[in-house]
Amino acid sequence: MISAARKTGLVFFPAYDWAISPTHPEREERLLYTQDQVMEEGLLDVDGIVEYRVRPAAYADIRRVHFCVPDEAAVTTESHFVSAGGCLVAADAVMKREVESAFALVRPPGHHAMRVVHGNRGFCNINIEAVMIEHIRDTYGVRKVAIVDTDCHHGDGTQDIYWHDPDTLFISIHQDGRTLYPGSGFSNEMGGPNAIGSTVNIPLPPRTGEKGFLYTISELVMPLLEKFQPEIIVNSAGQDNHFEDPITHMNFSARGYAQLNAILKPHLAVLEGGYSVEKALPYMNVGIIMAMAGMNTTTVKEPNYDTDYQEQTPDITRYIEQLVTALHHQFVAQTPKEDINRNGKILERRRSIFYDTDMIHETQVEKIRRCRDCAGSLWIDSTSSKGWRALCIHLPKNACPSCEKQAAEWADKTPRKVYDRAFFQNRKKGFYEVL
Amino acid sequence: MILGLDVGGTQTDAVLIKDGRVLAQVKTANRPELLDTLAEALSEILADIPAESIRRMVFSTTMATNAIVADDLTPAGMIVSAGPGMDPCAFAVGPSYHVVPGCMDHRGMEVVPVDREAVRAAARAIRDRGIGVAGVAGKFSVRNALHETQMAQWVQDDFSYVAMGHIFSGNLNFPRRISTAYLNAALQPIHSEFVTTLQKSLDGRGLTAPRYLMKPDGGTVRLGKSHRFPAQTAQSGPAASVMGALALDGCKGVTLILDIGGTTTDMALTFHGVPLVEPRGITLGAYSTSIRSLLTKSIGMGGDSRVRVDDRGKLRAGPLREGSPRALGGPYPTPTDAMVHLGLLPVGEKAAADAAMAEIAGALSLDSRQAADQVLCHMAETIALSAEAFIFSVNCRPVYTIYEVLEGVRVRPDSVVVIGGPAAVLAPYLEKAFGLPVRVPAHAEVANAVGAAAARVTAEVSLQADTQRGTAVIPELGKEYPVRRDFSMDQALAMAKDALTDRAFEEGAQTDGISFAVTEKEEFNMIRGGMRAGKNIRVKISVVPGIIPEWKFQG
């Protein structure tokens with residue numbers, strides 16, 4: 001019997017009875033051929049690869065992360081709870097040391113879902129990685145977590161959730177936002193005033209190939225992780241950077257993805273996007289599973305790899321080298337400067353957020369308490385084009401007494417009349433209250 | 001009358017069934033040669049019975065199992081076409097294993113044709129080693145059997161038998177397909193010889209009725225047809241026991257079946273009279289195969305398990321059998337000795353059993369009757385704990401739809417049926433350990449032979465239709481049919497049912513004994529460029545293991 005060098009958990013949930021719409025990329029068929037390939041390769045027979053059964057997540061799991069407006073039931077379906085629950089199962093398997101690493105091969109995805117949820121953005125309603133990470137923090141006492149989002153689209157939802165959190169390093173490698181949805185993820189987006197430098201965006205040019213991805217991982221991502229020293233590394237393993245993907249323009253491959261995973265060695269990988277359901281996903285997922293299990297992946301490739309894959313061109317290589325050098329200088333060699341002058345001040349920003357799938361416009365006024373000691377208490381006034389206006393107060397898990405006081409004051413004193421809903425997400429005391 | 005015969009590890013059980021009831025039963029000790037064992041059991045059970053009154057015979061033999069475990073297989077060559085994926089060299093099996101270029105993708109589209117010259121060269125290399133049988137296996141051959149068929153065609157004149165992987169199972173699992181094809185090739189010569197000799201000896205006794213062999217999926221196959229798929233007659237014993245429990249008890253509701261033997265206890269589950277199956281296939285010795293099998297779990301706890309008291313003064317039993325019970329001249333105390341000591345089992349030397357229990361009692365500071373009682377309690381509790389783990393693992397099986405996650409039926413037995421030698425003695429102890437009603441059917445000690453006698457033919461077919469490709473493939477029949485773009489699930493089910501009926505009759509099924517179960521039924525729209533390009537339909541349908549219609553349930 002073949003055995004894995006690293007014991008690896010697999011949570012497979014293809015949601016064969018759920019689609020956004022019959023012809024949507026996020027449809028029943030999406031993981032069908034992946035399942036075929038994984039079964040046919042006999043990966044589940046490999047000694048050291050363990051398949052787990054999913055369980056649905058609970059409301060309490062979702063409420064550690066999100067403010068669902070008007071409530072959870074209105075903006076989710078059962079599938080979101082099962083998909084998030086799949087990540088929880090994977091996390092438990094790793095944290096209880098039943099396996100060294102685990103892959104949640106689940107759908108629907110989650111990395112475009114932000115802290116406040118009015119509906120579906122970029123095929124996502126619930127941020128399944130964030131739900132998983134906050135579960136890990138609450139259950140296993142982990143503090144420092146790094147997320148490496150390799151989906152072709154900027155992980156703007158995850159970025160939003162961890163924007164103010166200095167304990168979470170969020171690195172997103174994606175196709176340049178000037179050329180692809182959601183149009184964000186530039187290198188000047190590097191975290192809120194309490195967490196400057198804990199968000200790192202690496203916008204790669206269209207047609208980036210194996211060489212560019214692997215170069216970026218080795219020369220930039222690994223040094224960033226070395227510097228941050230996370231207890232847990234999570235890979236948001238979107239697979240839409242593949243050369244066959246119908247909705248993006250990158251040039252990655254199954255073999256490249258397997259190598260990336262072997263370098264990164266994430267504790268947890270979570271499937272995100274990836275819509276070349278027949279020509280890419282089966283091979284990429286097999287490559288990822290085998291790489292996580294420490295198996296030899298040199299024989300894994302797409303059947304059309306030799307004929308259709310094209311090497312990255314020299315101009316792209318040069319561009320990426322320059323980009324990586326600049327970002328290395330900015331984030332690794334130096335540390336982005338902390339904003340020390342405004343301590344204790346309430347800082348405000350206004351944003352407009354578009355939900356492409358559900359065609360919703362949201363406007364937010366956000367207030368954060370600038371704090372040197374914690375992630376800062378957060379106040380959000382969110383209005384959506386569906387007509388809901390919600391007040392969302394968030395107190396971080398490691399909040400300092402001053403921020404705790406501030407959050408309590410907001411909860412007490414913010415005039416409630418203008419809001420349809422008001423929520424208090426108290427991560428420090430571990431409750432979620434509908435005010 | 002129907003004759004059922006099950007060859008076990010050390011002894012053989014035979015029964016005669018008349019008018020749906022057990023008429024006679026015998027146990028005989030095994031001989032070194034299987035055919036001698038069969039001859040002796042037949043002579044005993046048929047002592048006063050005219051040969052012509054036997055209408056049907058079913059044998060559960062250890063021929064294939066023993067050959068596999070003792071590595072007494074005929075050398076067989078393998079030719080494998082894989083394409084990209086896991087390195088096919090990792091699945092190498094047998095003395096002459098060859099990988100040839102060729103690639104088929106998950107939809108059954110040919111990516112790279114299989115290389116005829118390489119196949120011919122592999123066949124020559126195999127033959128040059130004096131090997132006379134071979135197997136061929138291709139990745140995704142259950143989606144499109146072209147490569148396997150071609151390979152078999154190109155080498156058929158070189159070998160007396162060529163096993164094609166797709167015939168044996170419609171499951172997706174390339175490594176298991178390789179070992180299944182290999183085992184069938186490697187068993188074919190000895191199996192054919194065994195069948196021929198057995199047929200002659202039965203003819204010689206004037207036993208001319210239809211003959212069947214038991215399979216590990218709880219079904220039977222006609223002896224004369226079994227050479228097509230010899231490996232599916234291996235490891236049929238546990239399935240015979242399950243079918244015996246089913247025949248003798250009826251197994252209503254959710255039932256845990258325990259077959260308690262000398263060395264092990266085998267566990268199985270039935271759900272409203274239908275046994276649960278092992279989804280991926282049976283493991284035979286070192287080979288993981290795709291051969292259908294009932295889900296059974298064997299634990300090292302039986303009447304002859306060694307009993308001892310450990311350093312911390314705790315009672316231990318199993319998992320090893322280290323010889324016979326003391327009462328039968330063995331070296332160590334066993335649960336059997338406890339039963340003999342308590343006067344519950346009239347075998348062997350009572351004095352030896354008494355001494356054995358006195359030893360245990362000394363170490364536990366109890367009197368010997370209390371010690372014997374504790375031994376049996378401990379045995380029952382150990383079995384109950386293992387059963388708990390077994391049921392837990394069944395309930396941990398992954399599911400792939402929201403419906404199953406949220407509505408998923410959990411297996412929770414509501415009763416226990418115990419068969420095997422010590423069944424009746426242990427029943428009260430088990431009742432306490434499980435906290436569930438425990439039943440011991442009549443003839444529990446020969447349930448395995450009853451199961452063989454009463455089991456009906458089983459068969460399974462898989463169908464995958466891809467309307468964009470315009471094909472429906474039924475790998476087990478080696479058939480591919482053209483289908484139109486509007487091919488529907490109803491048509492797929494009808495086509496699969498026809499195929500299954502053919503297959504079941506071919507294996508020897510009787511017309512009135514077939515009931516179908518659809519075990520997989522999935523339909524996907526294939527969307528390309530935002531448009532529906534076709535449908536992908538998957539159906540698996542089987543004749544579930546069951547009891548022949550003439551059997552009369554006594555429960």
# chains A, B, ... in the order shown; residues from 1 in each chain; ligands from 1
$ interface_residues --of "chain A" --to "chain B" --cutoff "9 Å" --atoms "only C-alpha atoms" --output "number ranges by chain"
A: 1-2, 11-18, 22-25, 28-29, 32-34, 36-43, 45, 51-56, 78-79, 82, 246, 278, 282-283, 286-287, 290, 296-304
$ select_by_dssp --residues "stretch 100-192 of chain B" --states "alpha helix (DSSP H)" --output "VMD selection string"
chain B and resid 116 to 128 146 to 155 165 to 168 174 to 192
$ write_last_selection --atoms "C-alpha atoms" --output "mmCIF file, in the first residue's frame"
data_model
loop_
_atom_site.group_PDB
_atom_site.id
_atom_site.type_symbol
_atom_site.label_atom_id
_atom_site.label_comp_id
_atom_site.auth_asym_id
_atom_site.auth_seq_id
_atom_site.Cartn_x
_atom_site.Cartn_y
_atom_site.Cartn_z
ATOM 1 C CA ARG B 116 0.323 -1.057 -29.726
ATOM 2 C CA GLU B 117 4.038 -1.700 -30.085
ATOM 3 C CA ALA B 118 4.606 -1.148 -26.379
ATOM 4 C CA VAL B 119 1.745 -3.532 -25.553
ATOM 5 C CA ARG B 120 3.184 -6.187 -27.874
ATOM 6 C CA ALA B 121 6.626 -5.745 -26.342
ATOM 7 C CA ALA B 122 5.172 -6.081 -22.834
ATOM 8 C CA ALA B 123 3.342 -9.260 -23.827
ATOM 9 C CA ARG B 124 6.571 -10.724 -25.228
ATOM 10 C CA ALA B 125 8.441 -9.827 -22.050
ATOM 11 C CA ILE B 126 5.755 -11.510 -19.957
ATOM 12 C CA ARG B 127 5.735 -14.632 -22.128
ATOM 13 C CA ASP B 128 9.529 -14.811 -22.143
ATOM 14 C CA LEU B 146 -11.409 1.069 -25.555
ATOM 15 C CA HIS B 147 -7.839 0.877 -24.283
ATOM 16 C CA GLU B 148 -8.396 -2.268 -22.243
ATOM 17 C CA THR B 149 -10.258 -3.945 -25.081
ATOM 18 C CA GLN B 150 -7.496 -3.072 -27.512
ATOM 19 C CA MET B 151 -4.783 -4.292 -25.184
ATOM 20 C CA ALA B 152 -6.645 -7.560 -24.577
ATOM 21 C CA GLN B 153 -7.153 -8.051 -28.296
ATOM 22 C CA TRP B 154 -3.518 -7.469 -29.095
ATOM 23 C CA VAL B 155 -2.296 -10.007 -26.550
ATOM 24 C CA GLY B 165 -10.212 -4.483 -15.416
ATOM 25 C CA HIS B 166 -13.514 -2.851 -16.394
ATOM 26 C CA ILE B 167 -15.468 -6.123 -16.307
ATOM 27 C CA PHE B 168 -15.050 -6.631 -12.573
ATOM 28 C CA PHE B 174 -7.517 2.609 -10.788
ATOM 29 C CA PRO B 175 -5.184 0.955 -8.219
ATOM 30 C CA ARG B 176 -7.969 -1.386 -7.109
ATOM 31 C CA ARG B 177 -8.819 -2.119 -10.739
ATOM 32 C CA ILE B 178 -5.207 -3.145 -11.334
ATOM 33 C CA SER B 179 -5.058 -5.508 -8.365
ATOM 34 C CA THR B 180 -8.496 -6.943 -9.151
ATOM 35 C CA ALA B 181 -7.513 -7.711 -12.746
ATOM 36 C CA TYR B 182 -4.260 -9.189 -11.504
ATOM 37 C CA LEU B 183 -5.906 -11.434 -8.904
ATOM 38 C CA ASN B 184 -8.435 -12.704 -11.418
ATOM 39 C CA ALA B 185 -5.684 -13.591 -13.860
ATOM 40 C CA ALA B 186 -3.558 -15.161 -11.132
ATOM 41 C CA LEU B 187 -6.478 -17.211 -9.764
ATOM 42 C CA GLN B 188 -7.934 -18.259 -13.095
ATOM 43 C CA PRO B 189 -5.881 -21.428 -13.738
ATOM 44 C CA ILE B 190 -6.224 -22.877 -10.224
ATOM 45 C CA HIS B 191 -9.852 -21.857 -9.984
ATOM 46 C CA SER B 192 -10.696 -23.541 -13.294
#
$ residues_around --residues "B:Val417" --least-positions-apart "6" --cutoff "12 Å" --atoms "only C-alpha atoms" --output "compact mmCIF listing (two decimals) with N, CA and C atoms, in the first residue's frame"
# COMPACT_ATOMS: atom_id res chain seq x y z
N SER B 241 -22.17 -16.11 6.78
CA SER B 241 -22.70 -15.99 8.14
C SER B 241 -23.79 -14.91 8.22
N VAL B 242 -23.52 -13.77 7.58
CA VAL B 242 -24.50 -12.68 7.60
C VAL B 242 -25.81 -13.14 6.96
N MET B 243 -25.69 -13.82 5.81
CA MET B 243 -26.90 -14.27 5.14
C MET B 243 -27.61 -15.33 5.98
N GLY B 244 -26.83 -16.11 6.73
CA GLY B 244 -27.42 -17.11 7.63
C GLY B 244 -28.23 -16.44 8.72
N ALA B 245 -27.67 -15.41 9.33
CA ALA B 245 -28.39 -14.67 10.37
C ALA B 245 -29.67 -14.09 9.81
N LEU B 246 -29.55 -13.58 8.58
CA LEU B 246 -30.70 -12.97 7.91
C LEU B 246 -31.79 -14.03 7.67
N ALA B 247 -31.38 -15.21 7.21
CA ALA B 247 -32.34 -16.27 6.93
C ALA B 247 -32.98 -16.79 8.22
N LEU B 248 -32.17 -16.97 9.25
CA LEU B 248 -32.67 -17.60 10.47
C LEU B 248 -33.46 -16.63 11.34
N ASP B 249 -33.12 -15.36 11.29
CA ASP B 249 -33.75 -14.39 12.18
C ASP B 249 -34.69 -13.42 11.47
N GLY B 250 -34.41 -13.14 10.21
CA GLY B 250 -35.22 -12.15 9.50
C GLY B 250 -34.65 -10.75 9.61
N CYS B 251 -33.98 -10.44 10.73
CA CYS B 251 -33.30 -9.16 10.94
C CYS B 251 -34.16 -7.96 10.57
N LYS B 252 -35.28 -7.82 11.26
CA LYS B 252 -36.12 -6.64 11.05
C LYS B 252 -35.43 -5.43 11.69
N GLY B 253 -35.82 -4.25 11.28
CA GLY B 253 -35.24 -3.04 11.87
C GLY B 253 -33.77 -2.92 11.54
N VAL B 254 -33.03 -2.30 12.46
CA VAL B 254 -31.58 -2.17 12.27
C VAL B 254 -30.92 -3.17 13.21
N THR B 255 -30.23 -4.12 12.62
CA THR B 255 -29.71 -5.23 13.41
C THR B 255 -28.20 -5.30 13.32
N LEU B 256 -27.58 -5.50 14.48
CA LEU B 256 -26.15 -5.79 14.50
C LEU B 256 -26.02 -7.31 14.57
N ILE B 257 -25.23 -7.86 13.63
CA ILE B 257 -25.03 -9.30 13.62
C ILE B 257 -23.64 -9.60 14.18
N LEU B 258 -23.57 -10.50 15.14
CA LEU B 258 -22.28 -10.93 15.69
C LEU B 258 -22.10 -12.40 15.39
N ASP B 259 -21.01 -12.74 14.75
CA ASP B 259 -20.69 -14.15 14.52
C ASP B 259 -19.48 -14.46 15.39
N ILE B 260 -19.73 -15.17 16.49
CA ILE B 260 -18.65 -15.43 17.45
C ILE B 260 -18.03 -16.79 17.16
N ASP B 266 -16.98 -11.65 14.15
CA ASP B 266 -17.24 -10.82 12.97
C ASP B 266 -18.52 -10.04 13.19
N MET B 267 -18.46 -8.73 12.82
CA MET B 267 -19.63 -7.89 13.01
C MET B 267 -20.16 -7.42 11.65
N ALA B 268 -21.47 -7.30 11.54
CA ALA B 268 -22.09 -6.77 10.32
C ALA B 268 -23.38 -6.06 10.71
N LEU B 269 -23.90 -5.26 9.81
CA LEU B 269 -25.13 -4.52 10.08
C LEU B 269 -26.14 -4.76 8.97
N THR B 270 -27.40 -4.95 9.35
CA THR B 270 -28.45 -5.00 8.34
C THR B 270 -29.46 -3.90 8.62
N ALA B 423 -22.72 -18.70 20.83
CA ALA B 423 -23.76 -17.67 20.79
C ALA B 423 -24.72 -17.76 21.97
N ALA B 424 -25.27 -18.95 22.20
CA ALA B 424 -26.32 -19.09 23.21
C ALA B 424 -25.77 -18.80 24.61
N LEU B 426 -23.24 -16.90 25.44
CA LEU B 426 -22.82 -15.51 25.64
C LEU B 426 -23.99 -14.51 25.58
N ALA B 427 -25.13 -14.97 25.05
CA ALA B 427 -26.25 -14.05 24.80
C ALA B 427 -26.63 -13.21 26.02
N LEU B 430 -24.09 -10.55 26.59
CA LEU B 430 -24.14 -9.53 25.54
C LEU B 430 -25.33 -8.60 25.76
N GLU B 431 -26.44 -9.17 26.19
CA GLU B 431 -27.64 -8.37 26.42
C GLU B 431 -27.33 -7.27 27.43
N PHE B 434 -24.66 -4.65 25.84
CA PHE B 434 -25.19 -3.79 24.78
C PHE B 434 -26.39 -2.97 25.26
N LEU B 436 -29.32 -3.94 24.72
CA LEU B 436 -30.26 -4.12 23.61
C LEU B 436 -30.77 -5.55 23.64
N PRO B 437 -31.96 -5.79 23.05
CA PRO B 437 -32.42 -7.18 22.96
C PRO B 437 -31.43 -8.01 22.13
N VAL B 438 -31.07 -9.17 22.62
CA VAL B 438 -30.16 -10.06 21.90
C VAL B 438 -30.92 -11.33 21.55
N ARG B 439 -30.85 -11.72 20.27
CA ARG B 439 -31.53 -12.94 19.84
C ARG B 439 -30.51 -13.96 19.34
N VAL B 440 -30.77 -15.22 19.69
CA VAL B 440 -29.96 -16.32 19.16
C VAL B 440 -30.90 -17.23 18.39
N PRO B 441 -30.84 -17.20 17.05
CA PRO B 441 -31.78 -18.03 16.29
C PRO B 441 -31.44 -19.51 16.42
N ALA B 442 -32.43 -20.36 16.18
CA ALA B 442 -32.19 -21.80 16.13
C ALA B 442 -31.17 -22.07 15.02
N ALA B 444 -28.10 -21.54 15.16
CA ALA B 444 -27.11 -20.46 15.13
C ALA B 444 -25.70 -20.98 14.90
N ALA B 447 -25.17 -21.29 11.13
CA ALA B 447 -25.80 -20.19 10.37
C ALA B 447 -25.05 -19.95 9.06
N GLY B 555 -38.44 -16.61 12.15
CA GLY B 555 -38.39 -15.60 13.23
C GLY B 555 -39.74 -15.02 13.57
$ closest_residue --among "A:Asn343, A:Gln425, A:Ser172, A:Thr8" --to "A:Val94" --atoms "only C-alpha atoms"
A:Thr8
$ closest_residue --among "A:Lys397, A:Arg351, A:Arg369, A:Lys405" --to "A:Glu134" --atoms "only C-alpha atoms"
A:Lys397
$ residues_around --residues "A:Gln239" --least-positions-apart "2" --cutoff "12 Å" --atoms "only C-alpha atoms" --output "PyMOL selection string"
chain A and resi 30-31+105+109+149-153+173-174+235-237+241-248+250-254+256-258+269-277+279-288
$ closest_residue --among "B:Val309, B:Ala504, B:Ile54, B:Ala465" --to "B:Gly108" --atoms "only C-alpha atoms"
B:Ala465
